[in-house]
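Chemist: So that we are looking at the same thing, I have put the structure below in structure tokens.
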Amino acid sequence: MKITLFIPCFIDELAPSVGISMVRIFEKLGHTVRFDESVVCCGQPAFNTGCWKEARDVAVRVVDRLKNAEVIVIPSGSCGAMIRAFYQELFEGHPKQAAALMLAQKTFEFSEFLVDCLGVTDLGSRFPAKVTFHDGCHGLRELRVKQQPRELLKHVRELTLVEMEDQTTCCGFGGAFAVKFPMISTAMGEVKCGSALQTDADFLVSNDSSCLLHLQGLLSRKKEKLKTIHLAEILASF
Amino acid sequence: MSSSFENEFRASATKLTADLRHRALIRTSLKGYEKNRDEKRAGFQSWELARQAAAEAKWEAVNHLDKYLLEFVDNLNKRGSKVFWASTAEDARNYILNLAREKKARTIVKSKTMTSEEIHLNAALAGAGYEVVESDLGEYIVQLRGEAPYHLVFPAMHLTRKEISYLFHEKLGTPETNNPEELTMIARRQMRMKYCQADLGISGANFAVAETGMISITENEGNARLTTSLPKIHVALLGIEKVLPKLSDLALFLPMLAIAGTGQQLTCYNSLMGGPRQPDEVDGPEEFHVVLLDNRRTQILADAEQRDALHCIRCGACLNVCPIFRNVGGQTYGTTYQGPIGSVITPHLRGLEDWKHLSSASSLCGACSEICPVKIELHHHLLHNRRNAAKLDVGRLDRIASGAFAFLVNHPKIFAMAARLARFLQPVHRTVSGSKIDPLLAWTRSREVPVIAKKSFRQYWKSRQK
């Protein structure tokens, strides 16, 4: 299979190892990995701010550039949700609406792609640590990704998964929200970090790096030992 | 450009999010509710199908309001009820004020009605010299404190027993006590007198059953039954969207309201009232007035995209699951209706320009839409409000910022250069991080900044191609 990776802007610059892990994983499974350097962002920041015209300017480019991809995989529930769940509304009445819909149908979040599309749950990974999983809201509620990451973690050798209390409560990142209403974002993040710390895990895992950047920011400020890591990075430990 | 309402919201949010005691109190208060709610939901063969059925019943009602409201009123009139159509809050207030004056009322007792909060009825009645007593315990407590209700279902959830005990001691002269039964009895003794003294009883309504011309009131305390039966005049105030087509719809709505709202199988008292005392009845008020309130609900009705916001049954479930609500508290919103539903409808009821900030103060997690018993797309409507607000004059800055962002990401080479430049400047930023001149202070006040990678993914990819 020719798998096109959609590497969101923040992963490209702030967490490239997530993308690199995905490349290693898909190549191990025998697929060809593609990447279009001209695609930077799905347009969600503008969309969430209510500037739908500007969001469309970005999204149109995504639709055009990726229209020939066989399948597109994104290591982020929120970007995946933007394309799968929100492009339809964004493009309503637009000449590219059909193209956007077609793109949406072949776009997947990383863990759901592995489990639901490739039928893979065991990558031969080994990661000796105690981890707890944070469900990014967009992936959870818009894409219904919940079991897939857990299915994958179950097969990682020497890994123990401990579920935290309030695991489906939002971490407080919310994109621009994190800087528009930082006091609320921080309070929400503190609650989430508290829940994670209570599990006594070594690592806080998620399928969404945007959440992890926010949570790591809080944990580092408090000099906590708990480290954040993306699901792909754990799975690529083989 | 922020409105004064936004400034107040931010100030309150800053204060309350830093109040760890308050955050812990709300979290604890809601734990019992969550456990009970989940238990009772599991009692349904399919809670999701129940939500679908409820959404469809409300869709039918709201999309045919002209038919069902008329049917409701017709049936009410047949029993001698008086119906008043109030277009505005002022119309509703004036009707009730005139009635109180006409009937030479002195004491007015009220059961819980958020709609009366919405039209600021209490202030108008008190201003005209009437004694107004809230009979719902939570409402009574916040009334004594001179506060707005904290939550549309639990008005006093932010208070501890100790605070309530002290309040009663201070305002009523009663001895302090930590015992909840004793506290309840103090309030009860006060209210028993008032039910008998009151000339007018004002209630709300949870539902308005068109088929039978009756209002449905659910409560746990029995205060609504006393409020609506003992005084000679009963006035029910309700929004026009409260309509349900059939009596049998209540078989679905009463349990769903109770479960989503308070985690109960069913609220303790469920009453249906459709008129004054009928010739063959032994008790009941002499007069029954129903005030149907528009107050810009027809504006939401006209908005096909957000019309389903009128399906709301005011259960409060969306507040309970909202992490913003749980961290800033109900009074921070500064509006009658708090939480997600409040953030969705307040711009329609009170103006988008002044209230758009409530729609922005959300991470769009979607927990609200997920729990809503009538499947309102709450978090999507927050996005719709944001989109509508961005088109206004005050949205200019956002449009400029979004335009700049779109340009940057649509020019990948420029984006890559900007990112490398930012990486170069990171050590410089570190020297001002957290200080007053830090441009990223909104982030760095509480969080460390992520380190920009030495080699970006696109650089890695490029080197792979060689």
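Labels for the structure tokens follow display order: chains A, B, ..., residues from 1 in each chain, ligands from 1.
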Neighbouring residues of stretch 62-73 of chain A were defined as those with any atom within 7 Å, considering only C-alpha atoms; residues of the same chain fewer than 6 positions away were excluded. Please report them as a list in words.

Modeler: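 Residues near the query, excluding close chain neighbours: Lys2, Ile3, Thr4, Leu5, Phe6, Val39, Cys42, Ala99, Ala100, Leu103, Lys106, Thr107, Phe108, Glu109 and Phe110 of chain A.
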
Chemist: Up to 8 Å from chain A, what residues of chain B turn up? Count only C-alpha atoms and give them as a ChimeraX atom specification.

Modeler: /B:10,13-14,17-18,323-324,327-328,360-367,370,383-391,398-399,402-403,405-406,409-412,419,442-443,446-453,455-458,461

Chemist: Hey, can you spit out that residue selection with N, CA and C atoms as a compact mmCIF listing (two decimals), in the first residue's frame?

Modeler:
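Contents of out.txt, freshly written:
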# COMPACT_ATOMS: atom_id res chain seq x y z
N ARG B 10 -13.53 37.06 32.21
CA ARG B 10 -12.11 36.74 32.37
C ARG B 10 -11.64 36.95 33.81
N ALA B 13 -13.08 34.18 35.87
CA ALA B 13 -12.45 32.91 35.53
C ALA B 13 -11.04 32.84 36.13
N THR B 14 -10.32 33.95 36.06
CA THR B 14 -8.96 33.99 36.61
C THR B 14 -9.00 33.70 38.10
N THR B 17 -10.43 29.86 38.75
CA THR B 17 -9.58 28.75 38.36
C THR B 17 -8.39 28.63 39.31
N ALA B 18 -8.04 29.71 39.96
CA ALA B 18 -6.94 29.66 40.92
C ALA B 18 -7.42 29.19 42.29
N PRO B 323 -15.78 20.67 31.32
CA PRO B 323 -14.60 20.97 32.13
C PRO B 323 -14.39 22.47 32.35
N ILE B 324 -14.94 23.28 31.44
CA ILE B 324 -14.85 24.73 31.65
C ILE B 324 -15.75 25.11 32.84
N ASN B 327 -14.38 24.21 36.17
CA ASN B 327 -13.22 24.95 36.67
C ASN B 327 -13.48 26.44 36.90
N VAL B 328 -14.46 27.02 36.20
CA VAL B 328 -14.74 28.43 36.44
C VAL B 328 -15.98 28.65 37.29
N SER B 360 -16.13 31.22 22.67
CA SER B 360 -14.69 31.04 22.49
C SER B 360 -14.04 30.39 23.69
N ALA B 361 -14.66 30.57 24.85
CA ALA B 361 -14.09 30.02 26.08
C ALA B 361 -14.44 28.54 26.19
N SER B 362 -13.99 27.77 25.20
CA SER B 362 -14.28 26.35 25.17
C SER B 362 -13.22 25.65 24.35
N SER B 363 -12.85 24.46 24.77
CA SER B 363 -11.88 23.67 24.01
C SER B 363 -12.58 22.80 22.98
N LEU B 364 -13.91 22.93 22.90
CA LEU B 364 -14.72 22.15 21.95
C LEU B 364 -14.55 20.65 22.15
N CYS B 365 -14.46 20.22 23.39
CA CYS B 365 -14.21 18.80 23.65
C CYS B 365 -15.39 17.92 23.24
N GLY B 366 -16.59 18.50 23.24
CA GLY B 366 -17.76 17.73 22.79
C GLY B 366 -18.44 16.88 23.84
N ALA B 367 -17.98 16.97 25.09
CA ALA B 367 -18.62 16.16 26.14
C ALA B 367 -20.08 16.56 26.30
N GLU B 370 -22.28 15.02 23.67
CA GLU B 370 -22.33 13.58 23.91
C GLU B 370 -23.37 13.22 24.97
N LEU B 383 -18.99 26.53 17.54
CA LEU B 383 -18.23 26.84 16.33
C LEU B 383 -19.03 27.77 15.43
N HIS B 384 -20.34 27.50 15.32
CA HIS B 384 -21.18 28.34 14.48
C HIS B 384 -21.24 29.77 15.02
N ASN B 385 -21.32 29.90 16.35
CA ASN B 385 -21.32 31.24 16.95
C ASN B 385 -20.00 31.94 16.65
N ARG B 386 -18.90 31.18 16.72
CA ARG B 386 -17.58 31.77 16.44
C ARG B 386 -17.52 32.25 15.00
N ARG B 387 -18.08 31.44 14.12
CA ARG B 387 -18.06 31.81 12.70
C ARG B 387 -18.88 33.08 12.49
N ASN B 388 -20.05 33.14 13.12
CA ASN B 388 -20.90 34.32 13.00
C ASN B 388 -20.22 35.55 13.61
N ALA B 389 -19.52 35.36 14.71
CA ALA B 389 -18.84 36.48 15.37
C ALA B 389 -17.67 36.99 14.55
N ALA B 390 -16.97 36.06 13.86
CA ALA B 390 -15.80 36.46 13.08
C ALA B 390 -16.18 37.40 11.95
N LYS B 391 -17.46 37.32 11.53
CA LYS B 391 -17.90 38.17 10.43
C LYS B 391 -18.19 39.59 10.90
N ASP B 398 -9.09 38.72 14.58
CA ASP B 398 -9.05 37.28 14.33
C ASP B 398 -8.89 36.99 12.85
N ARG B 399 -9.61 37.78 12.02
CA ARG B 399 -9.53 37.55 10.57
C ARG B 399 -8.13 37.83 10.05
N SER B 402 -5.85 35.02 11.20
CA SER B 402 -6.12 33.80 10.43
C SER B 402 -5.61 33.94 9.01
N GLY B 403 -5.71 35.15 8.46
CA GLY B 403 -5.19 35.39 7.12
C GLY B 403 -3.69 35.19 7.07
N PHE B 405 -1.93 33.39 9.15
CA PHE B 405 -1.69 31.95 9.36
C PHE B 405 -1.88 31.19 8.05
N ALA B 406 -2.98 31.50 7.33
CA ALA B 406 -3.27 30.80 6.08
C ALA B 406 -2.15 31.03 5.07
N VAL B 409 1.01 28.88 6.10
CA VAL B 409 0.96 27.43 5.86
C VAL B 409 0.73 27.08 4.40
N ASN B 410 0.27 28.06 3.61
CA ASN B 410 0.11 27.80 2.19
C ASN B 410 1.40 28.07 1.41
N HIS B 411 2.41 28.54 2.10
CA HIS B 411 3.72 28.76 1.49
C HIS B 411 4.74 27.98 2.30
N PRO B 412 4.81 26.65 2.03
CA PRO B 412 5.61 25.76 2.88
C PRO B 412 7.07 26.19 3.03
N ALA B 419 9.97 28.62 10.75
CA ALA B 419 10.18 27.67 11.85
C ALA B 419 11.65 27.59 12.23
N ALA B 442 1.08 34.26 27.54
CA ALA B 442 -0.18 33.52 27.73
C ALA B 442 0.10 32.04 27.91
N TRP B 443 1.16 31.56 27.26
CA TRP B 443 1.54 30.16 27.40
C TRP B 443 2.48 29.99 28.59
N SER B 446 2.21 29.58 32.81
CA SER B 446 2.00 28.34 33.56
C SER B 446 2.67 27.12 32.94
N ARG B 447 3.20 27.27 31.73
CA ARG B 447 3.73 26.10 31.02
C ARG B 447 5.11 26.36 30.42
N GLU B 448 5.91 25.31 30.35
CA GLU B 448 7.18 25.40 29.64
C GLU B 448 6.88 25.35 28.14
N VAL B 449 7.72 26.02 27.36
CA VAL B 449 7.52 26.03 25.90
C VAL B 449 8.19 24.78 25.31
N PRO B 450 7.52 24.10 24.37
CA PRO B 450 8.16 22.94 23.74
C PRO B 450 9.39 23.38 22.94
N VAL B 451 10.37 22.53 22.89
CA VAL B 451 11.60 22.87 22.17
C VAL B 451 11.42 22.55 20.69
N ILE B 452 11.73 23.51 19.84
CA ILE B 452 11.65 23.25 18.39
C ILE B 452 12.78 22.31 18.04
N ALA B 453 12.43 21.25 17.31
CA ALA B 453 13.41 20.20 17.01
C ALA B 453 14.55 20.72 16.13
N LYS B 455 16.08 19.04 13.92
CA LYS B 455 15.80 18.63 12.55
C LYS B 455 14.29 18.37 12.46
N SER B 456 13.61 19.12 11.61
CA SER B 456 12.17 18.93 11.48
C SER B 456 11.88 17.65 10.69
N PHE B 457 10.62 17.25 10.67
CA PHE B 457 10.27 16.05 9.92
C PHE B 457 10.56 16.25 8.44
N ARG B 458 10.21 17.43 7.92
CA ARG B 458 10.45 17.62 6.48
C ARG B 458 11.93 17.59 6.17
N TRP B 461 12.85 13.98 6.09
CA TRP B 461 12.34 13.36 4.88
C TRP B 461 13.22 13.69 3.68

Chemist: Taking 6 positions as the minimum chain separation for residues in the same chain, which residues sit within 10 Å of B:Leu230 when counting only C-alpha atoms? Answer as a ChimeraX atom specification.

Modeler: /B:109,194-201,283-286

Chemist: Since we have the selection now, will you write its residues out, keeping N, CA and C atoms, as an mmCIF file, in the first residue's frame?

Modeler:
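To be explicit, this is the file written out as again.cif:
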data_model
loop_
_atom_site.group_PDB
_atom_site.id
_atom_site.type_symbol
_atom_site.label_atom_id
_atom_site.label_comp_id
_atom_site.auth_asym_id
_atom_site.auth_seq_id
_atom_site.Cartn_x
_atom_site.Cartn_y
_atom_site.Cartn_z
ATOM 1 N N VAL B 109 -45.030 33.743 46.582
ATOM 2 C CA VAL B 109 -44.118 32.613 46.763
ATOM 3 C C VAL B 109 -43.785 32.030 45.381
ATOM 4 N N LYS B 194 -45.019 30.897 54.531
ATOM 5 C CA LYS B 194 -45.180 31.691 53.317
ATOM 6 C C LYS B 194 -46.205 31.105 52.348
ATOM 7 N N TYR B 195 -46.220 29.766 52.235
ATOM 8 C CA TYR B 195 -47.203 29.163 51.324
ATOM 9 C C TYR B 195 -48.611 29.593 51.726
ATOM 10 N N CYS B 196 -48.858 29.619 53.047
ATOM 11 C CA CYS B 196 -50.189 29.963 53.536
ATOM 12 C C CYS B 196 -50.474 31.447 53.401
ATOM 13 N N GLN B 197 -49.411 32.256 53.580
ATOM 14 C CA GLN B 197 -49.608 33.714 53.506
ATOM 15 C C GLN B 197 -49.715 34.221 52.074
ATOM 16 N N ALA B 198 -49.071 33.497 51.150
ATOM 17 C CA ALA B 198 -48.920 34.034 49.792
ATOM 18 C C ALA B 198 -50.252 34.232 49.076
ATOM 19 N N ASP B 199 -50.327 35.355 48.379
ATOM 20 C CA ASP B 199 -51.509 35.655 47.574
ATOM 21 C C ASP B 199 -51.345 35.126 46.167
ATOM 22 N N LEU B 200 -50.087 35.010 45.784
ATOM 23 C CA LEU B 200 -49.772 34.607 44.412
ATOM 24 C C LEU B 200 -48.671 33.553 44.449
ATOM 25 N N GLY B 201 -48.810 32.500 43.662
ATOM 26 C CA GLY B 201 -47.745 31.508 43.546
ATOM 27 C C GLY B 201 -47.239 31.524 42.111
ATOM 28 N N ASP B 283 -59.625 21.098 45.733
ATOM 29 C CA ASP B 283 -58.636 22.146 45.990
ATOM 30 C C ASP B 283 -57.984 22.588 44.690
ATOM 31 N N GLY B 284 -57.113 23.571 44.857
ATOM 32 C CA GLY B 284 -56.473 24.149 43.681
ATOM 33 C C GLY B 284 -56.708 25.643 43.677
ATOM 34 N N PRO B 285 -55.922 26.385 42.900
ATOM 35 C CA PRO B 285 -56.059 27.848 42.881
ATOM 36 C C PRO B 285 -57.364 28.275 42.216
ATOM 37 N N GLU B 286 -57.777 29.486 42.558
ATOM 38 C CA GLU B 286 -59.001 30.010 41.935
ATOM 39 C C GLU B 286 -58.739 30.427 40.499
#

Chemist: B:Gln338: which residues within 8 Å, counting only C-alpha atoms, same-chain residues fewer than 5 positions away excluded, as a PyMOL selection string?

Modeler: chain B and resi 151-152+319+325+330-331+333+343

Chemist: Write the residues of the selection above to a file with N, CA and C atoms, as a JSON list (two decimals), in the first residue's frame.

Modeler:
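File produced: result38.json:
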[["chain", "number", "residue", "atom", "x", "y", "z"],
["B", 151, "HIS", "N", -26.05, 27.19, 39.28],
["B", 151, "HIS", "CA", -26.25, 26.12, 38.29],
["B", 151, "HIS", "C", -27.74, 26.08, 38.02],
["B", 152, "LEU", "N", -28.13, 25.79, 36.79],
["B", 152, "LEU", "CA", -29.57, 25.90, 36.53],
["B", 152, "LEU", "C", -30.40, 24.82, 37.19],
["B", 319, "LEU", "N", -23.74, 21.12, 31.71],
["B", 319, "LEU", "CA", -22.93, 21.84, 32.70],
["B", 319, "LEU", "C", -22.08, 20.86, 33.49],
["B", 325, "PHE", "N", -16.99, 24.63, 32.80],
["B", 325, "PHE", "CA", -17.91, 24.92, 33.90],
["B", 325, "PHE", "C", -17.31, 24.48, 35.22],
["B", 330, "GLY", "N", -20.37, 28.31, 37.94],
["B", 330, "GLY", "CA", -21.55, 28.84, 37.25],
["B", 330, "GLY", "C", -21.68, 30.34, 37.23],
["B", 331, "GLN", "N", -21.28, 31.01, 38.31],
["B", 331, "GLN", "CA", -21.50, 32.45, 38.38],
["B", 331, "GLN", "C", -20.57, 33.24, 37.48],
["B", 333, "TYR", "N", -20.13, 32.83, 34.38],
["B", 333, "TYR", "CA", -20.73, 33.09, 33.08],
["B", 333, "TYR", "C", -21.47, 34.43, 33.04],
["B", 343, "SER", "N", -23.79, 29.13, 26.75],
["B", 343, "SER", "CA", -22.86, 29.71, 25.79],
["B", 343, "SER", "C", -23.44, 29.71, 24.38]]

Chemist: Find the residues near A:Leu153: any atom within 9 Å, counting only C-alpha atoms, skip ones fewer than 2 places away on the same chain, and give them as a ChimeraX atom specification.

Modeler: /A:121-122,148-151,155-157,159-161,231,234-235

Chemist: Output the selection as a PDB file, in the first residue's frame - N, CA and C atoms for each residue.

Modeler:
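So the final result, stored in out02.pdb, reads:
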ATOM      1  N   THR A 121      -2.443  -5.396  15.111  1.00  0.00           N
ATOM      2  CA  THR A 121      -2.444  -4.960  16.511  1.00  0.00           C
ATOM      3  C   THR A 121      -1.094  -5.235  17.178  1.00  0.00           C
ATOM      4  N   ASP A 122      -0.296  -6.094  16.586  1.00  0.00           N
ATOM      5  CA  ASP A 122       0.992  -6.442  17.188  1.00  0.00           C
ATOM      6  C   ASP A 122       2.115  -6.097  16.228  1.00  0.00           C
ATOM      7  N   GLN A 148      -8.912   1.330  19.799  1.00  0.00           N
ATOM      8  CA  GLN A 148      -7.773   1.022  18.929  1.00  0.00           C
ATOM      9  C   GLN A 148      -6.415   1.266  19.605  1.00  0.00           C
ATOM     10  N   PRO A 149      -6.186   2.429  20.227  1.00  0.00           N
ATOM     11  CA  PRO A 149      -4.876   2.602  20.891  1.00  0.00           C
ATOM     12  C   PRO A 149      -4.654   1.561  21.984  1.00  0.00           C
ATOM     13  N   ARG A 150      -5.705   1.221  22.700  1.00  0.00           N
ATOM     14  CA  ARG A 150      -5.566   0.262  23.803  1.00  0.00           C
ATOM     15  C   ARG A 150      -5.269  -1.132  23.284  1.00  0.00           C
ATOM     16  N   GLU A 151      -5.857  -1.456  22.140  1.00  0.00           N
ATOM     17  CA  GLU A 151      -5.623  -2.733  21.489  1.00  0.00           C
ATOM     18  C   GLU A 151      -4.147  -2.837  21.109  1.00  0.00           C
ATOM     19  N   HIS A 155      -0.524  -5.205  23.080  1.00  0.00           N
ATOM     20  CA  HIS A 155       0.449  -6.124  22.498  1.00  0.00           C
ATOM     21  C   HIS A 155       1.885  -5.659  22.607  1.00  0.00           C
ATOM     22  N   VAL A 156       2.094  -4.559  23.298  1.00  0.00           N
ATOM     23  CA  VAL A 156       3.469  -4.092  23.472  1.00  0.00           C
ATOM     24  C   VAL A 156       4.088  -4.849  24.647  1.00  0.00           C
ATOM     25  N   ARG A 157       5.177  -5.529  24.410  1.00  0.00           N
ATOM     26  CA  ARG A 157       5.793  -6.364  25.438  1.00  0.00           C
ATOM     27  C   ARG A 157       6.328  -5.548  26.597  1.00  0.00           C
ATOM     28  N   LEU A 159       4.904  -3.804  28.687  1.00  0.00           N
ATOM     29  CA  LEU A 159       4.242  -2.531  28.984  1.00  0.00           C
ATOM     30  C   LEU A 159       3.026  -2.786  29.847  1.00  0.00           C
ATOM     31  N   THR A 160       2.851  -1.953  30.859  1.00  0.00           N
ATOM     32  CA  THR A 160       1.647  -2.039  31.694  1.00  0.00           C
ATOM     33  C   THR A 160       0.822  -0.781  31.470  1.00  0.00           C
ATOM     34  N   LEU A 161      -0.453  -0.972  31.150  1.00  0.00           N
ATOM     35  CA  LEU A 161      -1.347   0.172  30.951  1.00  0.00           C
ATOM     36  C   LEU A 161      -2.236   0.343  32.173  1.00  0.00           C
ATOM     37  N   LEU A 231       1.812   7.669  21.033  1.00  0.00           N
ATOM     38  CA  LEU A 231       1.584   6.240  20.805  1.00  0.00           C
ATOM     39  C   LEU A 231       2.526   5.677  19.752  1.00  0.00           C
ATOM     40  N   ILE A 234       5.983   4.768  21.022  1.00  0.00           N
ATOM     41  CA  ILE A 234       6.028   3.521  21.783  1.00  0.00           C
ATOM     42  C   ILE A 234       6.000   2.336  20.828  1.00  0.00           C
ATOM     43  N   LEU A 235       5.095   2.397  19.858  1.00  0.00           N
ATOM     44  CA  LEU A 235       4.949   1.279  18.939  1.00  0.00           C
ATOM     45  C   LEU A 235       6.177   1.083  18.067  1.00  0.00           C
TER      46      LEU A 235
END

Chemist: List as a VMD selection string the protein and nucleic acid residues near B:Ala260, meaning an atom at most 7 Å away when only C-alpha atoms are counted, but skip any in the same chain fewer than 3 places from it.

Modeler: chain B and resid 37 256 to 257 263 315 317 373

Chemist: Please compute the atom CA of B:Phe154-atom CA of B:Lys375 distance, one decimal, in Å.

Modeler: 22.0 Å

Chemist: Measuring between only C-alpha atoms, which one of B:Asn77, B:Ser433, B:Thr107, B:Thr88 shows the shortest distance to B:Gly129?

Modeler: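 Distance minimum relative to B:Gly129 lands on B:Thr107.
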